[in-house]
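Take a look at the structure below.
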2 protein chains.
Amino acid sequence: MALTPARTMPGVLELLPLDQIAFQRMLDTIRRNYERFGFLPIETPVIEYSDVLLTKTGGETERQVYFVQSTGALNAGKVDEGMPELALRFDLTVPLARYVAEHERDLSFPFRRYQMQRVYRGERAQRGRFREFYQCDIDVIGKDALSVRYDAEIPAVIYSVFRELAIGPFTIHLNNRKLMRGYFESLGIADSEQQMLVLREVDKLDKRGADYVRETLTGEAFGLPAEVAAKILAFVQVRSTSLQDALGKLDALGQGPEAMEQGRAELKEVLRLIHAFGVPETHYALNLSIARGLDYYTGTVYETTLNEHPQIGSICSGGRYENLASQYTRSQLPGVGISIGLTRLYWQLRDAGLINTAASTVDVLVTQMDEAQLPAYLALAGELRHAGIATEVVLEGGKLGKQFKYADRAGIRFVIVLGEDELAKGVVTVKDLRREDQFEVPRSELIKTLRVELEQAAVMG
Amino acid sequence: MALTPARTMPGVLELLPLDQIAFQRMLDTIRRNYERFGFLPIETPVIEYSDVLLTKTGGETERQVYFVQSTGALNAGKVDEGMPELALRFDLTVPLARYVAEHERDLSFPFRRYQMQRVYRGERAQRGRFREFYQCDIDVIGKDALSVRYDAEIPAVIYSVFRELAIGPFTIHLNNRKLMRGYFESLGIADSEQQMLVLREVDKLDKRGADYVRETLTGEAFGLPAEVAAKILAFVQVRSTSLQDALGKLDALGQGPEAMEQGRAELKEVLRLIHAFGVPETHYALNLSIARGLDYYTGTVYETTLNEHPQIGSICSGGRYENLASQYTRSQLPGVGISIGLTRLYWQLRDAGLINTAASTVDVLVTQMDEAQLPAYLALAGELRHAGIATEVVLEGGKLGKQFKYADRAGIRFVIVLGEDELAKGVVTVKDLRREDQFEVPRSELIKTLRVELEQAAVMG
């Protein structure tokens, strides 16, 4: 029989088990922190009705959607009659909107949900671009209104998550779309379309430099006065170094129109509350260049960067929006939320050498020295498992050396040998493959000993 | 703007948060037990190449596949040129085969993997039929050979999982395809095709009764002698009540051809070893009617049923197969595994009233009695979270009564009140909404007190 080459499509991240364990640990850490802040889990189907999924979008997103057809639909020749009925979700925000609208009467508001699932985008195949990736989202959704205080809780969650992920120092950058909008208005750029175009140019600051951006803004396309361009550049380059500095820099912007005053007041309250939430001043900053999805966010916006790896870009972004689900319900549902794109983050961290293959989830391998003693090995393994210690037993005999080699290759740290001698003496020999050490321990103390070792390893990483 | 009705397609199970928590607890329990037995996690992409996915199958499965097309492919008019390039996985076994073949050189054998992900089948819409559902699989894959002892480990895992899921008494039923095949040969039914047809009739025993099956077997279609039909019916009705009984009943089948002797020897070894693995005799039994996927399994086969809910059918099935990935690699990869279809199981258990909505993952709600004290509330919440206690803070003020009502509706058990009195006295008032009780506790002892309560609740369920 001819073989079919075993392969997956480009743009998916499939991991070997020890890498999968490292990835799973990150997912677990994020989930634990989301739960600690009182967010509730939901999961939604990967497949949604196309008309539900594509109400708001257009442009880029729609071009990247994966449509789904059952064999039945294909056979019935239904594929050419316009848009297929079903599609894969491309983010978790649209499904959240649909979920909240659909279950509105069964939910308590403010509705605090987390959702950690995969999403799908038909990206062009390219290094570091994923067609299937995890998003880990939290959102707080209010009914009719939602206090700006919730905008301050989000950075507290971000801080908690990334501190525990332990991937190096990071900064949560904050801005406010109203402040931005108001400031642009004060410079005579009142049209939101034009604001967007200007911001798109400003976004090129890092890559192209200030001169390039200044020339574009004062050039033919925009025709802004040099003075206005200079003010814009000065505005978007505002960064704070402490809470006091942030409040001072916000004041120094001078008086402005209503939107600007509102944005400033919100930002000040949020900055102060973040402090009350216990986030150290070293970990958050005012950054007036942050804009994010211009047609979606309406107030506070966030980005998070790793101080020592700016090239990775934002690792956690989001903001405040006016109305989550206007396409599905007449209820006013303001909200605030963030998303961590974990697949990309994991891939980049691994690429940068910041995360390694994990130790195995298997704590102990019970070797098979003597086939006749298999029941004794199984009984021992049963005791260990009962104590919560993940244990594998060698069921197929063979040389001990080969069994050790297997454990080593599989990343299992502790190997137990139980031979005639040990059985007679009521002891167990434990080989610690990481420390390249071995010791004898009375059978009755094995669990206690291993627990201490494993707890130490968990703390030490 | 006209609203789009917020809805999902039939055949998906979308849960409200407290149900999602109950579901998540089951997933966690299964995963914990899989890990305890030394299985390693993998995840594979939901989308696979169609030619990879559909090498072996045909018939039913192929008719139920969901094909996937990116917008680009649709626009390019590629949809009518035969089978689309991509499809959603319909189980976790084919992706496992592809994974092992693709990563063979990077894996250690025996390769013990668990995988808990969703799969997709374009089923007709019908109550209790799911188009998207979780499978929770384990498999042990050998290179060239795999001892039959691994067949005995699987029931030990099943026992461990379902004991901890605590959904009532259950029985793991065992049979062996070689024993079956050999016995049929001894009755003159040597052709495997015909064996399959006979077994398909025998499968109707529960629904149609013995008379109906006997008539069919002796009737025109099969033309078997009455004596042979009687033997077949007697064989498939064999059940054991203990290990000794099982061994005795296997011996009582009498001598048979080689396949039968091999199957009998395997079953005996497996039954004895399951005992050595510590599975109580009350929880496993010989059941010679179990056949399972006849073209796939070649040795031991398993089904698991809830003693008090036989109508639910098998809640965990699987078996031994000769060669996992012959369509992708020339390596011989024998294996043994099982699958739990958790979405269906959860749905049925809930339907039967065996599982309820869970308590919230949120342990504590810190109320807002006095807006000016918000920093104190945030500090308290920070302490609780630091101690691992999931805590939500009311950030938007309002009447205390309304805040209590929110907690009650959201399934949060403990509500903390910190007013002027409490702050002055250095205490905290804790309302226990489940016990409808409230008590004061010194601030310094709050965490200890809550931990004791929460641990008790976790143990008591």
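Identifiers for the structure tokens are assigned positionally: chains receive A, B, ... in sequence, residues are indexed from 1 per chain, and ligands are indexed from 1 in the order shown.
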ask   = Taking only C-alpha atoms into account, what are the residues of chain B at most 6 Å from chain A, put as a ChimeraX atom specification?
value = /B:3-6,14,17,35-38,41-42,44,63,65-71,98,102,122,147,276-277,327-328,362,375,378,385,390-392,396
Any chance you can output those residues with N, CA and C atoms as a short mmCIF file (atom, residue, chain, number, x, y, z; two decimals), in the first residue's frame?
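Wrote it out as result-v9.cif, contents follow:
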```cif
data_model
loop_
_atom_site.label_atom_id
_atom_site.label_comp_id
_atom_site.auth_asym_id
_atom_site.auth_seq_id
_atom_site.Cartn_x
_atom_site.Cartn_y
_atom_site.Cartn_z
N LEU B 3 -31.24 43.35 13.80
CA LEU B 3 -30.44 42.47 14.64
C LEU B 3 -30.28 41.10 14.00
N THR B 4 -29.13 40.49 14.21
CA THR B 4 -28.93 39.10 13.81
C THR B 4 -29.26 38.24 15.02
N PRO B 5 -30.12 37.23 14.86
CA PRO B 5 -30.44 36.41 16.04
C PRO B 5 -29.19 35.68 16.55
N ALA B 6 -28.93 35.84 17.85
CA ALA B 6 -27.77 35.18 18.46
C ALA B 6 -28.12 33.72 18.70
N GLU B 14 -23.38 24.16 24.61
CA GLU B 14 -22.81 25.38 25.19
C GLU B 14 -23.41 25.55 26.58
N PRO B 17 -22.03 29.42 32.90
CA PRO B 17 -20.78 29.31 33.68
C PRO B 17 -20.78 28.23 34.77
N GLU B 35 -2.70 11.56 34.14
CA GLU B 35 -1.31 11.93 34.47
C GLU B 35 -0.75 11.05 35.58
N ARG B 36 -1.60 10.71 36.53
CA ARG B 36 -1.15 9.89 37.65
C ARG B 36 -0.64 8.54 37.16
N PHE B 37 -1.19 8.06 36.05
CA PHE B 37 -0.75 6.78 35.51
C PHE B 37 0.38 6.95 34.49
N GLY B 38 0.93 8.16 34.44
CA GLY B 38 2.11 8.34 33.61
C GLY B 38 1.83 8.57 32.14
N PRO B 41 0.67 14.51 27.92
CA PRO B 41 -0.30 15.24 27.11
C PRO B 41 0.20 15.52 25.69
N ILE B 42 -0.69 15.42 24.72
CA ILE B 42 -0.43 16.03 23.42
C ILE B 42 -1.72 16.72 22.98
N THR B 44 -3.36 18.12 19.12
CA THR B 44 -3.13 18.20 17.68
C THR B 44 -4.08 19.24 17.09
N ARG B 63 -18.91 10.29 5.36
CA ARG B 63 -20.13 11.06 5.11
C ARG B 63 -20.35 12.14 6.17
N VAL B 65 -17.88 13.98 7.67
CA VAL B 65 -16.74 14.88 7.84
C VAL B 65 -17.13 16.32 7.51
N TYR B 66 -16.60 17.25 8.32
CA TYR B 66 -16.71 18.67 8.00
C TYR B 66 -15.47 19.10 7.23
N PHE B 67 -15.68 19.59 6.03
CA PHE B 67 -14.55 20.11 5.26
C PHE B 67 -14.40 21.60 5.52
N VAL B 68 -13.17 22.09 5.34
CA VAL B 68 -12.84 23.47 5.67
C VAL B 68 -12.26 24.15 4.45
N GLN B 69 -12.68 25.39 4.21
CA GLN B 69 -12.14 26.17 3.09
C GLN B 69 -11.86 27.57 3.57
N SER B 70 -10.67 28.06 3.30
CA SER B 70 -10.44 29.46 3.63
C SER B 70 -11.14 30.31 2.59
N THR B 71 -11.42 31.56 2.95
CA THR B 71 -12.09 32.47 2.03
C THR B 71 -11.34 32.50 0.70
N ARG B 98 -1.27 9.84 12.90
CA ARG B 98 -0.50 10.80 12.11
C ARG B 98 0.64 11.38 12.96
N GLU B 102 4.54 10.95 12.30
CA GLU B 102 5.29 12.17 11.96
C GLU B 102 6.45 12.40 12.92
N GLY B 122 -20.48 15.59 11.34
CA GLY B 122 -21.68 16.20 10.77
C GLY B 122 -22.91 15.32 10.94
N SER B 147 3.62 -5.54 25.15
CA SER B 147 3.17 -6.62 26.02
C SER B 147 1.68 -6.51 26.31
N ALA B 276 -4.03 -7.54 40.20
CA ALA B 276 -2.76 -7.08 40.78
C ALA B 276 -2.66 -5.55 40.73
N PHE B 277 -3.33 -4.93 39.78
CA PHE B 277 -3.35 -3.47 39.69
C PHE B 277 -4.25 -2.85 40.76
N GLN B 327 -1.09 3.38 7.52
CA GLN B 327 -1.31 4.23 6.35
C GLN B 327 -0.24 5.31 6.18
N TYR B 328 0.55 5.54 7.26
CA TYR B 328 1.55 6.62 7.21
C TYR B 328 3.00 6.14 7.32
N VAL B 362 -15.67 31.19 42.17
CA VAL B 362 -15.40 32.35 43.02
C VAL B 362 -15.72 31.97 44.46
N PRO B 375 -10.03 51.33 48.68
CA PRO B 375 -8.66 50.82 48.79
C PRO B 375 -8.52 49.73 49.84
N LEU B 378 -9.84 46.56 48.30
CA LEU B 378 -8.90 46.02 47.31
C LEU B 378 -7.71 45.36 47.99
N ARG B 385 -6.44 36.74 47.50
CA ARG B 385 -5.96 36.16 46.24
C ARG B 385 -4.55 35.61 46.41
N ALA B 390 -10.05 32.55 45.53
CA ALA B 390 -10.61 33.29 44.38
C ALA B 390 -11.60 34.33 44.89
N THR B 391 -11.33 35.58 44.58
CA THR B 391 -12.05 36.68 45.19
C THR B 391 -12.51 37.70 44.17
N GLU B 392 -13.78 38.08 44.27
CA GLU B 392 -14.31 39.14 43.44
C GLU B 392 -14.63 40.32 44.34
N GLU B 396 -18.62 48.55 41.74
CA GLU B 396 -19.68 49.52 41.53
C GLU B 396 -20.54 49.47 42.78
#
```
task = Might you pull out every residue within 7 Å of Ala229 of chain B, with only C-alpha atoms counted and same-chain residues fewer than 4 positions away left off, and present them as JSON, numbers by chain?
result = {"B": [214, 217, 218, 224, 225, 233]}
Residue selection dump (N, CA and C atoms) as a compact mmCIF listing (two decimals), in the first residue's frame:
```txt
# COMPACT_ATOMS: atom_id res chain seq x y z
N ARG B 214 -31.98 -15.63 17.24
CA ARG B 214 -31.86 -17.05 16.88
C ARG B 214 -32.52 -17.31 15.53
N LEU B 217 -30.38 -15.98 12.68
CA LEU B 217 -29.17 -16.76 12.43
C LEU B 217 -29.48 -18.10 11.75
N THR B 218 -30.60 -18.67 12.11
CA THR B 218 -30.96 -19.96 11.48
C THR B 218 -31.77 -19.75 10.21
N LEU B 224 -27.54 -20.89 9.52
CA LEU B 224 -26.74 -21.64 10.48
C LEU B 224 -27.59 -22.74 11.13
N PRO B 225 -26.98 -23.89 11.42
CA PRO B 225 -27.70 -24.93 12.14
C PRO B 225 -28.16 -24.42 13.50
N LEU B 233 -25.31 -17.96 20.85
CA LEU B 233 -26.09 -17.22 21.85
C LEU B 233 -25.59 -17.50 23.26
```
request  = Tell me which protein, DNA and RNA residues are within 8 Å of Gly335 of chain B, counting only C-alpha atoms, leaving out same-chain ones fewer than 2 positions away, and put them as a ChimeraX atom specification.
outcome  = /B:139-142,146,320-324,333,337
Could you save the residues just selected, with all heavy atoms, as a compact mmCIF listing (two decimals), in the first residue's frame?
```
# COMPACT_ATOMS: atom_id res chain seq x y z
N ASP B 139 -3.74 6.20 25.13
CA ASP B 139 -3.24 5.07 24.36
C ASP B 139 -1.79 4.80 24.77
O ASP B 139 -1.06 5.73 25.11
CB ASP B 139 -3.27 5.38 22.85
CG ASP B 139 -4.68 5.34 22.27
OD1 ASP B 139 -5.38 6.37 22.33
OD2 ASP B 139 -5.07 4.26 21.78
N VAL B 140 -1.43 3.54 24.74
CA VAL B 140 -0.02 3.16 24.88
C VAL B 140 0.38 2.55 23.54
O VAL B 140 -0.27 1.60 23.08
CB VAL B 140 0.20 2.10 25.99
CG1 VAL B 140 1.69 1.85 26.17
CG2 VAL B 140 -0.44 2.53 27.29
N ILE B 141 1.41 3.11 22.93
CA ILE B 141 1.84 2.63 21.62
C ILE B 141 3.22 2.02 21.74
O ILE B 141 4.14 2.65 22.26
CB ILE B 141 1.93 3.80 20.60
CG1 ILE B 141 0.67 4.67 20.65
CG2 ILE B 141 2.22 3.29 19.21
CD1 ILE B 141 -0.57 3.99 20.20
N GLY B 142 3.34 0.78 21.29
CA GLY B 142 4.65 0.13 21.31
C GLY B 142 5.33 0.24 19.96
O GLY B 142 4.68 0.51 18.95
N LEU B 146 4.15 -4.81 21.89
CA LEU B 146 3.68 -4.21 23.13
C LEU B 146 3.06 -5.32 23.98
O LEU B 146 2.09 -5.97 23.56
CB LEU B 146 2.63 -3.13 22.85
CG LEU B 146 2.13 -2.36 24.08
CD1 LEU B 146 3.19 -1.38 24.57
CD2 LEU B 146 0.83 -1.62 23.78
N ARG B 320 -7.40 -3.20 22.08
CA ARG B 320 -6.05 -3.44 21.56
C ARG B 320 -6.10 -3.49 20.05
O ARG B 320 -7.02 -4.09 19.47
CB ARG B 320 -5.59 -4.77 22.16
CG ARG B 320 -4.56 -5.54 21.37
CD ARG B 320 -3.18 -4.92 21.47
NE ARG B 320 -2.61 -5.05 22.79
CZ ARG B 320 -1.30 -5.15 23.02
NH1 ARG B 320 -0.43 -5.15 22.00
NH2 ARG B 320 -0.85 -5.21 24.25
N TYR B 321 -5.15 -2.85 19.40
CA TYR B 321 -5.07 -2.91 17.93
C TYR B 321 -3.66 -3.29 17.51
O TYR B 321 -2.69 -3.01 18.20
CB TYR B 321 -5.50 -1.58 17.30
CG TYR B 321 -5.05 -0.37 18.05
CD1 TYR B 321 -3.81 0.22 17.80
CD2 TYR B 321 -5.83 0.20 19.07
CE1 TYR B 321 -3.38 1.32 18.50
CE2 TYR B 321 -5.40 1.30 19.78
CZ TYR B 321 -4.16 1.85 19.49
OH TYR B 321 -3.72 2.94 20.20
N GLU B 322 -3.59 -3.88 16.33
CA GLU B 322 -2.34 -4.48 15.85
C GLU B 322 -1.34 -3.44 15.37
O GLU B 322 -0.14 -3.57 15.56
CB GLU B 322 -2.68 -5.39 14.68
CG GLU B 322 -1.75 -6.55 14.55
CD GLU B 322 -2.36 -7.77 15.23
OE1 GLU B 322 -2.35 -7.85 16.48
OE2 GLU B 322 -2.86 -8.63 14.51
N ASN B 323 -1.86 -2.41 14.72
CA ASN B 323 -0.96 -1.49 14.04
C ASN B 323 -1.65 -0.14 13.88
O ASN B 323 -2.62 -0.01 13.16
CB ASN B 323 -0.58 -2.06 12.67
CG ASN B 323 0.67 -1.40 12.13
OD1 ASN B 323 1.26 -0.52 12.78
ND2 ASN B 323 1.07 -1.80 10.94
N LEU B 324 -1.12 0.85 14.57
CA LEU B 324 -1.78 2.15 14.65
C LEU B 324 -1.78 2.92 13.35
O LEU B 324 -2.75 3.56 12.98
CB LEU B 324 -1.08 3.00 15.73
CG LEU B 324 -1.55 4.45 15.88
CD1 LEU B 324 -2.93 4.48 16.51
CD2 LEU B 324 -0.57 5.26 16.70
N LEU B 333 3.34 -0.51 14.81
CA LEU B 333 3.03 0.23 16.04
C LEU B 333 1.76 -0.30 16.71
O LEU B 333 0.69 0.28 16.60
CB LEU B 333 2.86 1.72 15.71
CG LEU B 333 4.07 2.44 15.08
CD1 LEU B 333 3.66 3.79 14.52
CD2 LEU B 333 5.18 2.61 16.11
N GLY B 337 -5.84 1.28 23.88
CA GLY B 337 -6.32 2.57 24.37
C GLY B 337 -7.81 2.61 24.60
O GLY B 337 -8.54 1.65 24.28
```
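Rounded to one decimal, atom CA of Leu446 of chain A and atom CA of Thr357 of chain A lie 27.7 Å from each other.
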request  = For Ile172 of chain B, work out the shell of residues within 9 Å, counting only C-alpha atoms and skipping chain neighbours fewer than 3 positions away, then give it as a VMD selection string.
outcome  = chain B and resid 155 158 to 159 283 to 286 302 to 305 316
Take the residues that were just selected and, keeping all heavy atoms, output them as a tab-separated table (two decimals), in the first residue's frame.
```
chain	number	residue	atom	x	y	z
B	155	PRO	N	-7.72	-0.88	32.31
B	155	PRO	CA	-8.84	-0.91	33.26
B	155	PRO	C	-8.48	-0.29	34.62
B	155	PRO	O	-9.36	0.28	35.29
B	155	PRO	CB	-9.13	-2.41	33.42
B	155	PRO	CG	-8.65	-3.02	32.14
B	155	PRO	CD	-7.44	-2.22	31.76
B	158	ILE	N	-9.19	3.27	34.03
B	158	ILE	CA	-10.65	3.47	33.98
B	158	ILE	C	-11.22	3.47	35.39
B	158	ILE	O	-12.02	4.34	35.77
B	158	ILE	CB	-11.34	2.36	33.15
B	158	ILE	CG1	-10.83	2.36	31.69
B	158	ILE	CG2	-12.86	2.52	33.17
B	158	ILE	CD1	-11.37	1.20	30.85
B	159	TYR	N	-10.78	2.50	36.19
B	159	TYR	CA	-11.28	2.39	37.56
B	159	TYR	C	-10.97	3.65	38.35
B	159	TYR	O	-11.83	4.24	39.02
B	159	TYR	CB	-10.66	1.17	38.25
B	159	TYR	CG	-10.97	1.10	39.72
B	159	TYR	CD1	-12.26	0.86	40.17
B	159	TYR	CD2	-9.96	1.30	40.66
B	159	TYR	CE1	-12.56	0.81	41.52
B	159	TYR	CE2	-10.24	1.26	42.02
B	159	TYR	CZ	-11.54	1.01	42.44
B	159	TYR	OH	-11.83	0.98	43.78
B	283	HIS	N	-15.66	-4.48	40.17
B	283	HIS	CA	-15.67	-3.44	39.14
B	283	HIS	C	-15.22	-3.88	37.76
B	283	HIS	O	-15.10	-3.07	36.86
B	283	HIS	CB	-14.83	-2.24	39.59
B	283	HIS	CG	-15.55	-1.39	40.60
B	283	HIS	ND1	-15.79	-1.81	41.88
B	283	HIS	CD2	-16.13	-0.16	40.50
B	283	HIS	CE1	-16.44	-0.86	42.53
B	283	HIS	NE2	-16.67	0.14	41.72
B	284	TYR	N	-14.94	-5.20	37.60
B	284	TYR	CA	-14.64	-5.65	36.24
B	284	TYR	C	-15.19	-7.05	36.04
B	284	TYR	O	-15.36	-7.80	37.00
B	284	TYR	CB	-13.15	-5.57	35.91
B	284	TYR	CG	-12.23	-6.51	36.66
B	284	TYR	CD1	-11.70	-7.63	36.03
B	284	TYR	CD2	-11.88	-6.25	37.98
B	284	TYR	CE1	-10.83	-8.46	36.70
B	284	TYR	CE2	-11.02	-7.08	38.66
B	284	TYR	CZ	-10.49	-8.20	38.02
B	284	TYR	OH	-9.63	-9.03	38.68
B	285	ALA	N	-15.48	-7.38	34.80
B	285	ALA	CA	-16.12	-8.66	34.52
B	285	ALA	C	-15.86	-9.08	33.09
B	285	ALA	O	-15.69	-8.25	32.19
B	285	ALA	CB	-17.63	-8.55	34.74
B	286	LEU	N	-15.82	-10.38	32.92
B	286	LEU	CA	-15.79	-10.97	31.58
B	286	LEU	C	-17.17	-10.77	30.96
B	286	LEU	O	-18.19	-10.97	31.62
B	286	LEU	CB	-15.51	-12.47	31.75
B	286	LEU	CG	-15.23	-13.30	30.52
B	286	LEU	CD1	-13.90	-12.89	29.91
B	286	LEU	CD2	-15.18	-14.79	30.92
B	302	TYR	N	-12.76	-3.36	25.57
B	302	TYR	CA	-13.39	-2.90	26.81
B	302	TYR	C	-14.66	-2.10	26.54
B	302	TYR	O	-14.73	-1.36	25.56
B	302	TYR	CB	-12.48	-1.91	27.58
B	302	TYR	CG	-11.04	-2.24	27.61
B	302	TYR	CD1	-10.16	-1.68	26.69
B	302	TYR	CD2	-10.54	-3.08	28.60
B	302	TYR	CE1	-8.81	-1.96	26.74
B	302	TYR	CE2	-9.18	-3.36	28.65
B	302	TYR	CZ	-8.32	-2.80	27.71
B	302	TYR	OH	-6.98	-3.07	27.76
B	303	GLU	N	-15.59	-2.23	27.46
B	303	GLU	CA	-16.69	-1.27	27.57
B	303	GLU	C	-16.91	-1.04	29.06
B	303	GLU	O	-16.60	-1.90	29.88
B	303	GLU	CB	-17.97	-1.81	26.92
B	303	GLU	CG	-17.93	-1.76	25.42
B	303	GLU	CD	-19.28	-2.03	24.78
B	303	GLU	OE1	-20.26	-2.29	25.51
B	303	GLU	OE2	-19.34	-1.99	23.53
B	304	THR	N	-17.45	0.12	29.40
B	304	THR	CA	-17.70	0.42	30.81
B	304	THR	C	-19.13	0.91	30.93
B	304	THR	O	-19.57	1.75	30.13
B	304	THR	CB	-16.74	1.52	31.30
B	304	THR	OG1	-15.40	1.15	30.95
B	304	THR	CG2	-16.83	1.69	32.81
B	305	THR	N	-19.86	0.38	31.89
B	305	THR	CA	-21.25	0.80	32.07
B	305	THR	C	-21.51	1.19	33.52
B	305	THR	O	-20.83	0.72	34.43
B	305	THR	CB	-22.24	-0.32	31.69
B	305	THR	OG1	-21.90	-1.48	32.45
B	305	THR	CG2	-22.17	-0.65	30.22
B	316	CYS	N	-17.13	4.42	28.38
B	316	CYS	CA	-15.68	4.42	28.16
B	316	CYS	C	-15.33	3.11	27.47
B	316	CYS	O	-15.53	2.04	28.04
B	316	CYS	CB	-14.96	4.53	29.51
B	316	CYS	SG	-13.18	4.30	29.41
```
